[in-house]
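Asker: First, the structure itself, so that you have it in front of you.
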Amino acid sequence: MLEVYGTPLRSRLLLGSARYPSPAVLSAAVRAARADVVTVSLRRESGGERAGQAFWSLIRGLDVRVLPNTAGCHSVKEAVTTAHMAREVFGTPWVKLEVIGDADTLQPDVFGLLDAARILCAEGFEVFPYTTEDLVVAERLLDAGCRVLMPWGAPIGSGRGLNNLYGLTALRGRFPGVPLIVDAGLGVPSHAAQALELGFDAVLVNTAVAQATDPVAMAGAFALAVEAGYAARRAGPIEARDFAVPSTPVVGQAFRG
Amino acid sequence: MRILVNGVWRETAFAELAATLEELGYGGRVVATAVNGEFVAAEARRRTALAEGDRLEVLAPMQGG
């Protein structure tokens, strides 16, 4: 079973909680995904609003582990303060650490990410860094105390799948013992299956489910894909080749020689 | 006293953060607070004093990816 920071996870599909058509659809999607980790966030709320309290009640009713993010933070200071606020509100040392460096691609600012990760790991947080496939950054994040990495597949919400297969494969190969969760950019279940086939331990999906025509059905489809990809990985996929190799035995073939 | 609450200037009566939160309608709510960019834990709100021009952030749980 997959373990992150000593916690066993039954499901290799982590689900984001944003952008669903309604709270009821979110709840049904979490169940259909059989997810036991759901990402959450913090936002400004005025004294008259009750949306945040209602959302928190709904999440607590789902019997899932929450993974708070620092989405939207563009500096180390913002990310670290947000992590502290999230730890208090959600009552967990887990934090999906995002420090955004580019407004168009939402690419992680890996320099800020590393600084924030060092600070938070030293303070006892269990950091899930949203990073790129860069091997050196990955090594530094592990040195900083991260025990899991969340490389992007493609820019957040883009639905492009695994954008850099070579880089992601290299990352998997370099850190065989580290839980690697592909986060961001997956569009369809086959992308998730591919990530698991490559040996990634899990995927985190949000937009591809929440914005599907039928989010609940799509959550179920992702759950099946993750299972299939994981089973395939364990079964040992063949290597791709450049030329055909006959599958039917050629020995004893009629009309030859 | 004027303070910036979640980016909006508000006139408030009290110096104490806990009382200010009550005044602004956050009483009994699950929120996290920061003053001038520094996290203030819930248990520290009674001993945290606000000053004119302070920036108060009050954050609540929200959907996230």
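Chain labels A, B, ... are given in the sequence in which chains occur in the structure tokens; within each chain residues are numbered consecutively from 1, and ligands are likewise numbered from 1 in the order shown.
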In chain B, what's helix (DSSP H, G or I) per DSSP? Answer as an MDAnalysis selection string?

Answerer: chainID B and resid 17:23 42:47

Asker: Just want the 9 Å neighbourhood of stretch 45-52 of chain B, counted on only C-alpha atoms, with same-chain residues fewer than 2 positions away dropped. Output as an mmCIF file with N, CA and C atoms, in the first residue's frame.

Answerer:
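Just written: result_30.cif:
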data_model
loop_
_atom_site.group_PDB
_atom_site.id
_atom_site.type_symbol
_atom_site.label_atom_id
_atom_site.label_comp_id
_atom_site.auth_asym_id
_atom_site.auth_seq_id
_atom_site.Cartn_x
_atom_site.Cartn_y
_atom_site.Cartn_z
ATOM 1 N N MET B 1 -10.762 53.363 14.819
ATOM 2 C CA MET B 1 -9.485 52.954 14.234
ATOM 3 C C MET B 1 -9.752 52.344 12.850
ATOM 4 N N ARG B 2 -8.923 52.721 11.896
ATOM 5 C CA ARG B 2 -9.084 52.144 10.556
ATOM 6 C C ARG B 2 -8.051 51.051 10.328
ATOM 7 N N ILE B 3 -8.544 49.878 9.948
ATOM 8 C CA ILE B 3 -7.630 48.793 9.594
ATOM 9 C C ILE B 3 -8.076 48.207 8.251
ATOM 10 N N PHE B 14 -12.170 48.223 18.563
ATOM 11 C CA PHE B 14 -11.309 47.628 19.588
ATOM 12 C C PHE B 14 -9.873 47.451 19.118
ATOM 13 N N ALA B 15 -8.986 47.426 20.060
ATOM 14 C CA ALA B 15 -7.590 47.143 19.735
ATOM 15 C C ALA B 15 -7.346 45.637 19.695
ATOM 16 N N GLU B 16 -8.035 44.910 20.574
ATOM 17 C CA GLU B 16 -7.793 43.469 20.684
ATOM 18 C C GLU B 16 -8.314 42.725 19.443
ATOM 19 N N LEU B 17 -7.489 41.829 18.909
ATOM 20 C CA LEU B 17 -7.859 41.097 17.691
ATOM 21 C C LEU B 17 -9.127 40.260 17.901
ATOM 22 N N ALA B 18 -9.206 39.549 19.032
ATOM 23 C CA ALA B 18 -10.363 38.687 19.274
ATOM 24 C C ALA B 18 -11.664 39.499 19.254
ATOM 25 N N ALA B 19 -11.651 40.666 19.894
ATOM 26 C CA ALA B 19 -12.841 41.520 19.943
ATOM 27 C C ALA B 19 -13.172 42.072 18.558
ATOM 28 N N THR B 20 -12.128 42.391 17.815
ATOM 29 C CA THR B 20 -12.328 42.914 16.456
ATOM 30 C C THR B 20 -13.005 41.861 15.571
ATOM 31 N N THR B 33 -6.163 33.700 11.068
ATOM 32 C CA THR B 33 -5.875 35.131 10.971
ATOM 33 C C THR B 33 -4.381 35.400 10.802
ATOM 34 N N VAL B 35 -1.849 39.101 10.795
ATOM 35 C CA VAL B 35 -1.768 40.552 10.938
ATOM 36 C C VAL B 35 -0.445 41.013 10.329
ATOM 37 N N VAL B 40 -1.329 34.760 13.135
ATOM 38 C CA VAL B 40 -1.668 34.900 14.559
ATOM 39 C C VAL B 40 -2.567 33.722 14.935
ATOM 40 N N ALA B 41 -2.074 32.861 15.787
ATOM 41 C CA ALA B 41 -2.826 31.665 16.174
ATOM 42 C C ALA B 41 -4.081 32.055 16.944
ATOM 43 N N ALA B 42 -5.086 31.197 16.885
ATOM 44 C CA ALA B 42 -6.369 31.479 17.542
ATOM 45 C C ALA B 42 -6.164 31.781 19.024
ATOM 46 N N GLU B 43 -5.255 31.012 19.653
ATOM 47 C CA GLU B 43 -5.085 31.177 21.098
ATOM 48 C C GLU B 43 -4.350 32.488 21.451
ATOM 49 N N ASP B 54 -3.189 48.710 10.376
ATOM 50 C CA ASP B 54 -2.782 47.300 10.299
ATOM 51 C C ASP B 54 -3.544 46.581 9.199
ATOM 52 N N ARG B 55 -2.878 45.575 8.644
ATOM 53 C CA ARG B 55 -3.513 44.736 7.618
ATOM 54 C C ARG B 55 -3.906 43.400 8.252
ATOM 55 N N LEU B 56 -5.205 43.172 8.297
ATOM 56 C CA LEU B 56 -5.722 41.924 8.887
ATOM 57 C C LEU B 56 -6.247 41.024 7.777
#

Asker: Using only C-alpha atoms and a distance of at most 8 Å, pull out the residues of chain B that contact chain A, as a list of chain:residue names.

Answerer: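 Result, ordered by chain then number: B:Asn6, B:Leu24, B:Gly25, B:Tyr26, B:Arg29, B:Val30, B:Val31, B:Ala32, B:Thr33, B:Ala34, B:Gly37, B:Glu38, B:Phe39, B:Ala41, B:Ala42, B:Glu57, B:Val58, B:Leu59, B:Ala60, B:Pro61, B:Met62, B:Gln63, B:Gly64, B:Gly65.
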
Asker: Quick one: pick out all strand (DSSP E) residues within chain B from a backbone DSSP run and write them as a list in words.

Answerer: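 Across chain B, those assigned strand (DSSP E) are Arg2, Ile3, Leu4, Val5, Val8, Trp9, Arg10, Glu11, Ala32, Thr33, Ala34, Val35, Glu38, Phe39, Val40, Arg55, Leu56, Glu57, Val58, Leu59, Ala60, Pro61, Met62 and Gln63 of chain B.
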
Asker: Using only C-alpha atoms, which residues sit within 10 Å of A:Gln194 once same-chain residues fewer than 3 positions away are excluded, as a ChimeraX atom specification?

Answerer: /A:161-162,165,189-191,197-200,225-226,228-230,232-233

Asker: Between atom CA of A:Gly91 and atom CA of A:Cys73, what is the spacing in Å?

Answerer: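 So the two atoms, atom CA of A:Cys73 and atom CA of A:Gly91, lie 20.3 Å apart.
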
Asker: How many Å separate atom CA of A:Arg140 from atom CA of A:His74?

Answerer: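 Computing the Euclidean distance for atom CA of A:Arg140 and atom CA of A:His74 yields 19.8 Å.
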
Asker: Please list as a PyMOL selection string every residue within 7 Å of stretch 130-138 of chain A, counting only C-alpha atoms and excluding residues in the same chain fewer than 3 positions away.

Answerer: chain A and resi 96-98+108+110+141-142+149-152+167-168+171

Asker: How many Å separate atom CA of A:Tyr5 from atom CA of A:Glu126?

Answerer: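 Interatomic distance, atom CA of A:Tyr5 to atom CA of A:Glu126: 6.9 Å.
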